[in-house]
>>> print(open('model-v5.txt').read())   # compact mmCIF, C-alpha atoms and all ligand atoms
# COMPACT_ATOMS: atom_id res chain seq x y z
CA MET A 1 -34.61 13.74 90.22
CA SER A 2 -33.45 16.61 88.09
CA LEU A 3 -31.00 19.13 89.42
CA PHE A 4 -33.72 21.74 89.07
CA SER A 5 -36.28 20.02 91.30
CA LYS A 6 -33.58 19.13 93.81
CA ALA A 7 -32.61 22.77 94.05
CA LEU A 8 -36.25 23.72 94.40
CA ILE A 9 -36.80 21.35 97.31
CA ILE A 10 -33.63 22.46 99.04
CA SER A 11 -34.63 26.09 98.83
CA ALA A 12 -38.16 25.28 99.98
CA VAL A 13 -36.83 23.34 102.96
CA ALA A 14 -34.59 26.24 103.82
CA LEU A 15 -37.59 28.54 103.80
CA ILE A 16 -39.75 26.25 105.91
CA GLY A 17 -36.87 25.71 108.30
CA VAL A 18 -36.97 29.37 109.23
CA SER A 19 -38.81 29.71 112.50
CA TYR A 20 -40.02 33.25 112.86
CA ALA A 21 -39.42 34.58 116.32
CA ALA A 22 -42.53 36.20 117.71
CA ALA A 23 -42.12 39.93 117.25
CA PRO A 24 -42.30 42.03 120.39
CA PRO A 25 -45.64 43.76 120.86
CA PRO A 26 -45.83 47.12 119.09
CA ARG A 27 -45.37 50.01 121.41
CA TRP A 28 -46.35 53.63 121.50
CA ASP A 29 -42.64 54.39 121.56
CA SER A 30 -42.15 52.89 118.08
CA PRO A 31 -40.50 55.22 115.55
CA LEU A 32 -42.94 57.74 114.11
CA ILE A 33 -43.82 56.51 110.64
CA LEU A 34 -45.96 58.87 108.61
CA ASP A 35 -46.61 56.09 106.09
CA ASP A 36 -44.96 52.88 104.88
CA PHE A 37 -47.73 52.16 102.34
CA ASP A 38 -47.78 48.55 103.52
CA ASP A 39 -51.48 48.63 104.43
CA ILE A 40 -52.66 49.42 100.94
CA TYR A 41 -54.89 46.39 100.67
CA GLY A 42 -57.25 47.83 103.23
CA ASP A 43 -60.37 49.72 102.30
CA ALA A 44 -59.07 52.97 103.75
CA ILE A 45 -56.17 53.10 101.37
CA ASN A 46 -55.45 56.81 101.61
CA ARG A 47 -55.01 56.74 105.40
CA THR A 48 -51.52 57.07 106.86
CA CYS A 49 -49.99 55.01 109.67
CA LEU A 50 -49.83 58.14 111.78
CA GLY A 51 -53.47 59.01 111.21
CA ALA A 52 -54.61 55.55 112.28
CA VAL A 53 -53.01 56.02 115.67
CA LYS A 54 -54.89 59.21 116.34
CA SER A 55 -58.24 57.77 115.39
CA TYR A 56 -57.68 54.97 117.90
CA SER A 57 -56.81 57.34 120.69
CA VAL A 58 -59.83 59.53 120.27
CA SER A 59 -62.46 56.83 120.35
CA GLY A 60 -60.85 54.40 122.73
CA THR A 61 -61.65 51.64 120.31
CA PHE A 62 -60.32 51.31 116.80
CA THR A 63 -62.21 53.21 114.19
CA LYS A 64 -61.28 54.20 110.68
CA GLY A 65 -61.48 57.86 111.40
CA SER A 66 -60.88 60.60 108.89
CA TYR A 67 -57.42 61.30 110.25
CA GLY A 68 -54.18 61.38 108.32
CA TYR A 69 -55.14 61.06 104.68
CA TRP A 70 -53.45 61.59 101.31
CA TYR A 71 -54.88 64.00 98.77
CA VAL A 72 -53.72 65.76 95.60
CA TYR A 73 -53.89 69.30 94.28
CA SER A 74 -52.60 71.09 91.19
CA GLY A 75 -53.12 74.14 89.02
CA ASN A 76 -51.80 76.55 86.36
CA THR A 77 -51.18 73.61 83.93
CA GLY A 78 -49.82 71.39 86.72
CA GLU A 79 -51.33 67.89 86.78
CA VAL A 80 -51.04 64.79 88.98
CA PHE A 81 -51.26 61.26 87.59
CA ASN A 82 -50.98 57.76 88.99
CA GLY A 83 -48.30 55.32 87.82
CA ASP A 84 -50.50 54.15 84.96
CA GLY A 85 -50.97 57.69 83.68
CA GLY A 86 -54.54 58.12 84.94
CA GLU A 87 -55.36 61.53 86.35
CA LEU A 88 -55.49 61.47 90.14
CA SER A 89 -58.24 62.98 92.22
CA SER A 90 -59.57 62.48 95.72
CA SER A 91 -62.03 59.91 94.39
CA ASN A 92 -59.34 57.61 92.99
CA ILE A 93 -56.43 58.40 95.30
CA LYS A 94 -56.15 54.64 95.88
CA THR A 95 -54.43 54.36 92.51
CA ALA A 96 -51.54 56.53 93.74
CA PHE A 97 -50.26 53.47 95.61
CA ASP A 98 -48.54 50.48 94.03
CA GLU A 99 -49.97 47.33 95.60
CA ASP A 100 -47.08 45.11 94.55
CA LEU A 101 -44.27 47.39 95.67
CA GLN A 102 -46.30 48.72 98.63
CA CYS A 103 -45.22 52.28 97.97
CA MET A 104 -46.49 55.47 96.36
CA HIS A 105 -46.13 55.80 92.57
CA VAL A 106 -47.10 59.15 91.08
CA LYS A 107 -46.33 61.37 88.07
CA PHE A 108 -46.43 65.16 87.87
CA ASP A 109 -46.68 67.19 84.69
CA ALA A 110 -46.78 70.88 83.86
CA ASP A 111 -46.26 73.22 80.94
CA PRO A 112 -42.59 74.25 81.33
CA THR A 113 -43.39 77.74 80.06
CA GLU A 114 -45.93 78.30 82.85
CA THR A 115 -43.91 79.65 85.77
CA GLY A 116 -46.79 79.34 88.24
CA ALA A 117 -47.51 75.67 87.59
CA TYR A 118 -47.92 73.46 90.65
CA ALA A 119 -48.74 69.83 91.35
CA ALA A 120 -48.58 67.95 94.63
CA ILE A 121 -49.63 64.95 96.68
CA ALA A 122 -49.95 65.62 100.39
CA ALA A 123 -50.88 63.96 103.68
CA ASN A 124 -52.49 65.82 106.52
CA LEU A 125 -50.79 64.48 109.63
CA PHE A 126 -54.18 64.32 111.33
CA LEU A 127 -56.70 66.83 110.02
CA GLU A 128 -56.09 69.92 107.94
CA THR A 129 -56.81 72.03 110.99
CA ASP A 130 -54.63 70.01 113.40
CA TYR A 131 -51.15 71.35 114.00
CA VAL A 132 -48.65 68.83 115.32
CA ASP A 133 -45.51 69.72 117.25
CA LEU A 134 -42.57 68.12 115.44
CA SER A 135 -39.93 69.98 117.47
CA LYS A 136 -38.29 66.73 118.55
CA MET A 137 -37.74 65.60 114.96
CA THR A 138 -34.00 65.37 114.18
CA SER A 139 -34.37 64.48 110.49
CA PHE A 140 -36.86 62.84 108.17
CA THR A 141 -36.08 59.76 106.14
CA VAL A 142 -37.76 58.64 102.94
CA LYS A 143 -37.04 56.00 100.32
CA VAL A 144 -37.34 57.46 96.84
CA LYS A 145 -36.57 56.84 93.17
CA GLY A 146 -37.71 58.18 89.82
CA SER A 147 -36.86 60.91 87.32
CA GLY A 148 -37.17 64.67 87.50
CA ASP A 149 -37.28 67.00 90.48
CA ILE A 150 -39.56 66.97 93.50
CA ARG A 151 -39.55 68.77 96.81
CA PHE A 152 -40.69 67.48 100.19
CA PHE A 153 -42.13 70.17 102.41
CA PHE A 154 -44.05 70.65 105.64
CA LYS A 155 -47.19 72.79 105.79
CA SER A 156 -46.96 74.94 108.89
CA LYS A 157 -48.95 77.33 111.02
CA PHE A 158 -46.13 79.84 110.55
CA PHE A 159 -46.94 80.21 106.84
CA GLN A 160 -50.67 80.24 107.56
CA THR A 161 -50.22 83.04 110.10
CA ASN A 162 -47.89 84.98 107.81
CA LYS A 163 -49.63 84.30 104.52
CA ALA A 164 -49.92 87.98 103.68
CA LYS A 165 -46.14 88.22 103.79
CA TYR A 166 -45.22 84.74 102.53
CA SER A 167 -47.64 83.50 99.90
CA TRP A 168 -45.55 80.41 99.10
CA GLY A 169 -42.26 78.68 99.87
CA GLU A 170 -43.06 76.51 102.92
CA VAL A 171 -40.02 74.84 104.50
CA GLY A 172 -38.74 71.67 102.89
CA PHE A 173 -35.99 70.00 100.87
CA PRO A 174 -35.65 69.57 97.08
CA VAL A 175 -34.50 66.29 95.52
CA THR A 176 -33.29 65.40 92.04
CA LEU A 177 -34.52 61.84 91.54
CA THR A 178 -32.41 58.88 90.44
CA ALA A 179 -33.46 55.65 88.75
CA ALA A 180 -32.26 53.53 91.68
CA TRP A 181 -33.93 53.57 95.08
CA LYS A 182 -32.11 55.69 97.59
CA THR A 183 -32.76 56.26 101.25
CA LEU A 184 -32.70 59.97 101.84
CA THR A 185 -32.23 61.36 105.35
CA VAL A 186 -32.70 65.11 105.58
CA LEU A 187 -31.41 66.75 108.74
CA VAL A 188 -33.65 69.47 110.14
CA LYS A 189 -30.86 72.02 109.69
CA ASP A 190 -31.25 71.50 105.92
CA ILE A 191 -35.01 72.12 105.89
CA GLU A 192 -35.63 75.66 104.70
CA ALA A 193 -37.99 77.85 102.71
CA ALA A 194 -38.18 77.31 98.95
CA GLU A 195 -35.50 79.03 96.93
CA PHE A 196 -36.59 82.30 95.27
CA SER A 197 -39.42 82.83 97.79
CA ASP A 198 -39.62 85.89 100.04
CA ALA A 199 -39.44 83.51 103.00
CA TYR A 200 -36.14 82.15 101.68
CA ASP A 201 -34.77 85.68 101.36
CA ASP A 202 -35.77 86.26 104.99
CA GLY A 203 -34.05 83.07 106.13
CA VAL A 204 -37.22 81.23 107.21
CA ASP A 205 -36.35 77.65 108.13
CA TRP A 206 -37.42 74.61 110.14
CA ASN A 207 -36.97 76.37 113.48
CA ASP A 208 -39.68 78.90 112.56
CA CYS A 209 -42.18 76.20 111.67
CA LYS A 210 -41.42 72.98 113.57
CA ASP A 211 -43.79 73.43 116.51
CA ALA A 212 -46.97 73.53 114.40
CA ILE A 213 -47.04 71.33 111.28
CA SER A 214 -50.25 70.25 109.58
CA ALA A 215 -49.14 68.29 106.49
CA PHE A 216 -46.31 66.56 104.67
CA VAL A 217 -46.27 67.39 100.97
CA ILE A 218 -44.48 66.10 97.86
CA GLU A 219 -44.54 68.71 95.11
CA LEU A 220 -43.31 69.16 91.57
CA ALA A 221 -40.10 71.19 91.77
CA GLY A 222 -38.07 73.11 89.24
CA ASP A 223 -34.96 71.70 87.60
CA PRO A 224 -32.10 73.51 89.38
CA THR A 225 -29.76 72.97 86.42
CA ASP A 226 -32.11 74.40 83.82
CA ASP A 227 -33.56 77.75 84.83
CA ASN A 228 -35.80 76.08 87.39
CA THR A 229 -38.31 74.99 84.74
CA LYS A 230 -40.82 72.37 85.82
CA LYS A 231 -40.72 69.17 83.80
CA ALA A 232 -42.60 65.90 83.80
CA THR A 233 -41.62 63.91 86.89
CA GLU A 234 -42.25 60.33 87.93
CA PHE A 235 -41.49 59.04 91.40
CA TRP A 236 -41.85 56.17 93.82
CA VAL A 237 -41.83 57.00 97.52
CA ASP A 238 -41.80 54.64 100.47
CA SER A 239 -41.26 54.55 104.24
CA ILE A 240 -41.61 58.17 105.34
CA VAL A 241 -40.26 58.36 108.89
CA PHE A 242 -39.96 61.36 111.23
CA ASP A 243 -36.69 60.46 112.94
CA GLY A 244 -36.17 61.11 116.63
CA MET A 245 -39.89 60.96 117.40
CA THR A 246 -42.34 58.29 118.48
CA TYR A 247 -46.11 58.03 118.54
CA LEU A 248 -45.99 59.15 122.16
CA ASP A 249 -44.71 62.53 121.00
CA VAL A 250 -47.74 63.30 118.88
CA MET A 251 -50.61 61.71 120.79
CA GLU A 252 -53.35 64.04 121.97
CA PRO A 253 -54.44 64.23 124.63
CA TYR A 254 -51.34 62.68 126.08
CA ASP A 255 -53.03 61.72 129.36
CA SER A 256 -55.52 59.47 127.65
CA LEU A 257 -52.71 57.11 126.70
CA THR A 258 -52.55 55.61 130.15
CA SER A 259 -56.00 54.15 129.72
CA VAL A 260 -55.68 53.18 126.07
CA LYS A 261 -54.49 49.75 125.12
CA VAL A 262 -53.03 49.25 121.71
CA SER A 263 -54.14 46.61 119.30
CA ARG A 264 -51.20 45.40 117.26
CA ALA A 265 -53.39 45.56 114.19
CA ASN A 266 -53.58 49.31 114.58
CA LEU A 267 -49.90 50.10 114.67
CA PRO A 268 -47.08 49.83 112.18
CA GLN A 269 -44.96 46.71 112.47
CA SER A 270 -47.92 44.55 113.34
CA ALA A 271 -46.60 41.03 113.09
CA PHE A 272 -47.37 37.36 113.31
CA CYS A 273 -45.45 34.16 112.86
CA ILE A 274 -46.08 30.93 111.02
CA SER A 275 -44.97 27.56 112.36
CA ASN A 276 -46.39 24.04 112.67
CA ASN A 277 -49.17 24.87 110.20
CA GLN A 278 -50.39 27.62 112.46
CA ILE A 279 -50.44 31.39 112.40
CA SER A 280 -49.69 32.89 115.81
CA TYR A 281 -50.29 36.49 116.83
CA SER A 282 -51.25 38.48 119.88
CA ASN A 283 -53.74 41.23 120.62
CA ALA A 284 -52.94 43.83 123.26
CA ALA A 285 -56.53 45.01 122.90
CA SER A 286 -59.55 43.46 121.29
CA GLY A 287 -60.10 44.19 117.62
CA ASP A 288 -60.90 42.42 114.38
CA VAL A 289 -58.03 40.44 112.89
CA ASN A 290 -58.17 38.39 109.75
CA PHE A 291 -55.73 36.75 107.39
CA SER A 292 -55.70 36.29 103.64
CA ILE A 293 -53.62 33.57 102.00
CA VAL A 294 -52.64 34.53 98.50
CA ASP A 295 -50.85 32.46 95.86
CA LEU A 296 -48.14 33.87 93.65
CA ASN A 297 -50.69 34.72 90.95
CA GLY A 298 -52.31 37.07 93.43
CA THR A 299 -55.39 34.86 93.89
CA VAL A 300 -56.78 34.74 97.40
CA VAL A 301 -57.00 31.02 98.16
CA SER A 302 -58.23 31.28 101.73
CA ARG A 303 -59.47 33.78 104.26
CA ILE A 304 -59.20 33.13 107.98
CA THR A 305 -61.00 35.08 110.68
CA GLY A 306 -58.77 35.53 113.70
CA ILE A 307 -59.74 35.64 117.34
CA SER A 308 -60.35 39.25 118.27
CA SER A 309 -59.99 39.11 122.06
CA VAL A 310 -56.98 40.23 124.08
CA GLY A 311 -54.15 37.70 124.26
CA THR A 312 -51.99 35.43 122.14
CA HIS A 313 -53.82 33.27 119.65
CA SER A 314 -53.14 30.67 117.01
CA VAL A 315 -55.27 29.84 114.02
CA ALA A 316 -54.74 26.78 111.83
CA LEU A 317 -53.59 27.11 108.27
CA PRO A 318 -56.01 25.45 105.82
CA LYS A 319 -55.02 22.49 103.64
CA LEU A 320 -53.13 23.91 100.70
CA SER A 321 -51.58 22.35 97.66
CA ALA A 322 -47.82 22.48 97.27
CA GLY A 323 -46.56 25.89 96.34
CA SER A 324 -45.60 29.31 97.56
CA TYR A 325 -48.03 31.58 99.33
CA ILE A 326 -48.15 34.96 100.96
CA VAL A 327 -50.09 35.48 104.17
CA ARG A 328 -51.43 38.92 104.86
CA MET A 329 -52.54 39.98 108.29
CA ASN A 330 -55.28 42.52 107.75
CA GLY A 331 -55.72 45.24 110.30
CA ARG A 332 -55.25 48.95 110.00
CA ASN A 333 -51.63 48.23 109.15
CA SER A 334 -51.21 44.87 107.55
CA SER A 335 -48.08 42.82 107.43
CA THR A 336 -47.19 39.93 105.20
CA ARG A 337 -45.12 36.77 105.27
CA GLN A 338 -44.24 34.32 102.57
CA PHE A 339 -44.17 30.58 103.08
CA GLN A 340 -44.09 27.38 101.04
CA ILE A 341 -46.01 24.15 101.30
CA LEU A 342 -44.31 20.87 100.36
CA ARG A 343 -46.27 17.72 99.56
CA CA B 1 -43.68 50.07 101.88
>>> encode(input="model-v5.txt", output="structure tokens")
Amino acid sequence: MSLFSKALIISAVALIGVSYAAAPPPRWDSPLILDDFDDIYGDAINRTCLGAVKSYSVSGTFTKGSYGYWYVYSGNTGEVFNGDGGELSSSNIKTAFDEDLQCMHVKFDADPTETGAYAAIAANLFLETDYVDLSKMTSFTVKVKGSGDIRFFFKSKFFQTNKAKYSWGEVGFPVTLTAAWKTLTVLVKDIEAAEFSDAYDDGVDWNDCKDAISAFVIELAGDPTDDNTKKATEFWVDSIVFDGMTYLDVMEPYDSLTSVKVSRANLPQSAFCISNNQISYSNAASGDVNFSIVDLNGTVVSRITGISSVGTHSVALPKLSAGSYIVRMNGRNSSTRQFQILR
């Protein structure tokens, strides 16, 4: 036996030896994730984790409602592209998300001589007309990398109400991107109106806006070291979390929660475990669950329909040839696990 194959078997055994502890059931008091982009294999690719929760609450059973969705806008020479350089629009917003990295990957461009250029990708928290109270938020955290300058900001009722006075400059935080991933946590005290805006001059900040927020936006920002000109920007964004808040804090109507049971497929951190050639999972409420088994070339080698009723279930893994596979649990928010088969 060559050293190589020995090493391969040892590492495979180590992997198989891992017994995944069953994850605790997801709870309404889980951290409030706007989006982790981990459910991008679903057919409602532009929906956010947060939006999925609301659609469940309203109907009492899980539906893919039109809540919490990503969209793009641009103008005055500003443009929005996907990672492959294709122009993004609402009809192809799916391509704004990298399926391998399970994150957003977008490029902005604008004529640097056009001072009014703008380009952005945004998520309504629920609907454009729904204002959400984020007063309890202590900071927001986002994983980000890339090149150029972007700004995260929150669309608020305050700016809508005062649009005659403040035509732009909604409260947010600018970031100069770096090639390596970094986890950025922005304290609410650092969220303020955009520099050079009338709102900035008047000291408008998070406290003015926090109780009525409609959207989270990523926009092309000026280079602070170079006259604030807007240059081509490329970025990857992942795991947008509103720290200090849970799903309980944003559910409406709050009272309906007591009668709503949560399907783990509908919440972030849905989970399952693999052991003894079986996939085990549990449903807190009934709802469709299915699994895809994918080889390392990305080919789906098997699809398994799960049991949809309430309770803990196990489904058998099919016969597979030796190799490495990824199992995806497909619900509103999918999760994945990797495993290896030895023969
Ligand atoms: Ca992700």
>>> closest_residue(input="model-v5.txt", among="A:Thr233, A:Thr95, A:Ser139, A:Ser324", to="A:Gly83", atoms="all atoms listed in the file")
A:Thr95
>>> closest_residue(input="model-v5.txt", among="A:Tyr281, A:Trp70, A:Trp236, A:Phe140", to="ligand CA 1 (chain B)", atoms="all atoms listed in the file")
A:Trp236
>>> residues_near_ligand(input="model-v5.txt", ligand="ligand CA 1 (chain B)", cutoff="10 Å", atoms="only C-alpha atoms and all ligand atoms", output="list in words")
Asp35, Asp36, Phe37, Asp38, Asp39, Ile40, Phe97, Asp98, Glu99, Asp100, Leu101, Gln102, Cys103, Met104, Lys143, Val237, Asp238, Ser239 and Ile240 of chain A
>>> closest_residue(input="model-v5.txt", among="A:Ala215, A:Ile279, A:Ala322, A:Val171", to="A:Asp190", atoms="all atoms listed in the file")
A:Val171
>>> atom_distance(input="model-v5.txt", atom1="atom CA of A:Phe242", atom2="atom CA of A:Met137")
6.1 Å
>>> closest_residue(input="model-v5.txt", among="A:Trp168, A:Phe235, A:Tyr325, A:Phe173", to="A:Tyr118", atoms="all atoms listed in the file")
A:Trp168
>>> residues_near_point(input="model-v5.txt", point="(-40.6, 59.6, 112.1)", cutoff="8 Å", atoms="only C-alpha atoms", output="number ranges by chain")
A: 31-34, 137, 140-141, 240-246
>>> write_last_selection(input="model-v5.txt", atoms="C-alpha atoms", output="PDB file, in the frame of the given file")
ATOM      1  CA  PRO A  31     -40.500  55.220 115.550  1.00  0.00           C
ATOM      2  CA  LEU A  32     -42.940  57.740 114.110  1.00  0.00           C
ATOM      3  CA  ILE A  33     -43.820  56.510 110.640  1.00  0.00           C
ATOM      4  CA  LEU A  34     -45.960  58.870 108.610  1.00  0.00           C
ATOM      5  CA  MET A 137     -37.740  65.600 114.960  1.00  0.00           C
ATOM      6  CA  PHE A 140     -36.860  62.840 108.170  1.00  0.00           C
ATOM      7  CA  THR A 141     -36.080  59.760 106.140  1.00  0.00           C
ATOM      8  CA  ILE A 240     -41.610  58.170 105.340  1.00  0.00           C
ATOM      9  CA  VAL A 241     -40.260  58.360 108.890  1.00  0.00           C
ATOM     10  CA  PHE A 242     -39.960  61.360 111.230  1.00  0.00           C
ATOM     11  CA  ASP A 243     -36.690  60.460 112.940  1.00  0.00           C
ATOM     12  CA  GLY A 244     -36.170  61.110 116.630  1.00  0.00           C
ATOM     13  CA  MET A 245     -39.890  60.960 117.400  1.00  0.00           C
ATOM     14  CA  THR A 246     -42.340  58.290 118.480  1.00  0.00           C
TER      15      THR A 246
END
>>> residues_around(input="model-v5.txt", residues="stretch 194-209 of chain A", least_positions_apart="2", cutoff="7 Å", atoms="all atoms listed in the file", output="list in words")
Ser156, Lys157, Phe158, Tyr166, Trp168, Gly169, Glu170, Val171, Gly172, Val188, Ile191, Glu192, Asp211, Ala212 and Ile213 of chain A
>>> closest_residue(input="model-v5.txt", among="A:Asp109, A:Asp133, A:Asp84, A:Glu114", to="A:Val250", atoms="all atoms listed in the file")
A:Asp133
>>> axis_aligned_box(input="model-v5.txt", around="stretch 286-301 of chain A", padding_each_side="3 Å", output="AutoDock Vina command-line options")
--center_x -54.5 --center_y 37.6 --center_z 106.1 --size_x 18.8 --size_y 19.2 --size_z 36.3
>>> atom_distance(input="model-v5.txt", atom1="atom CA of A:Ile93", atom2="atom CA of A:Pro224")
29.2 Å
>>> residues_around(input="model-v5.txt", residues="A:Ser292", least_positions_apart="4", cutoff="7 Å", atoms="all atoms listed in the file", output="number ranges by chain")
A: 300, 302-304, 327-329
>>> write_last_selection(input="model-v5.txt", atoms="C-alpha atoms", output="PDB file, in the coordinates of the input")
ATOM      1  CA  VAL A 300     -56.780  34.740  97.400  1.00  0.00           C
ATOM      2  CA  SER A 302     -58.230  31.280 101.730  1.00  0.00           C
ATOM      3  CA  ARG A 303     -59.470  33.780 104.260  1.00  0.00           C
ATOM      4  CA  ILE A 304     -59.200  33.130 107.980  1.00  0.00           C
ATOM      5  CA  VAL A 327     -50.090  35.480 104.170  1.00  0.00           C
ATOM      6  CA  ARG A 328     -51.430  38.920 104.860  1.00  0.00           C
ATOM      7  CA  MET A 329     -52.540  39.980 108.290  1.00  0.00           C
TER       8      MET A 329
END
>>> closest_residue(input="model-v5.txt", among="A:Asn283, A:Thr185, A:Thr176, A:Thr138", to="A:Thr225", atoms="all atoms listed in the file")
A:Thr176
>>> residues_around(input="model-v5.txt", residues="A:Phe216", least_positions_apart="2", cutoff="9 Å", atoms="only C-alpha atoms", output="VMD selection string")
chain A and resid 34 121 to 125 152 to 155 213 to 214 218
>>> atom_distance(input="model-v5.txt", atom1="atom CA of A:Val315", atom2="atom CA of A:Asn277")
8.7 Å
>>> residues_around(input="model-v5.txt", residues="A:Val80", least_positions_apart="6", cutoff="9 Å", atoms="all atoms listed in the file", output="VMD selection string")
chain A and resid 72 to 74 86 to 89 106 to 109 119 to 121
>>> write_last_selection(input="model-v5.txt", atoms="C-alpha atoms", output="PDB file, keeping the file's coordinate frame")
ATOM      1  CA  VAL A  72     -53.720  65.760  95.600  1.00  0.00           C
ATOM      2  CA  TYR A  73     -53.890  69.300  94.280  1.00  0.00           C
ATOM      3  CA  SER A  74     -52.600  71.090  91.190  1.00  0.00           C
ATOM      4  CA  GLY A  86     -54.540  58.120  84.940  1.00  0.00           C
ATOM      5  CA  GLU A  87     -55.360  61.530  86.350  1.00  0.00           C
ATOM      6  CA  LEU A  88     -55.490  61.470  90.140  1.00  0.00           C
ATOM      7  CA  SER A  89     -58.240  62.980  92.220  1.00  0.00           C
ATOM      8  CA  VAL A 106     -47.100  59.150  91.080  1.00  0.00           C
ATOM      9  CA  LYS A 107     -46.330  61.370  88.070  1.00  0.00           C
ATOM     10  CA  PHE A 108     -46.430  65.160  87.870  1.00  0.00           C
ATOM     11  CA  ASP A 109     -46.680  67.190  84.690  1.00  0.00           C
ATOM     12  CA  ALA A 119     -48.740  69.830  91.350  1.00  0.00           C
ATOM     13  CA  ALA A 120     -48.580  67.950  94.630  1.00  0.00           C
ATOM     14  CA  ILE A 121     -49.630  64.950  96.680  1.00  0.00           C
TER      15      ILE A 121
END
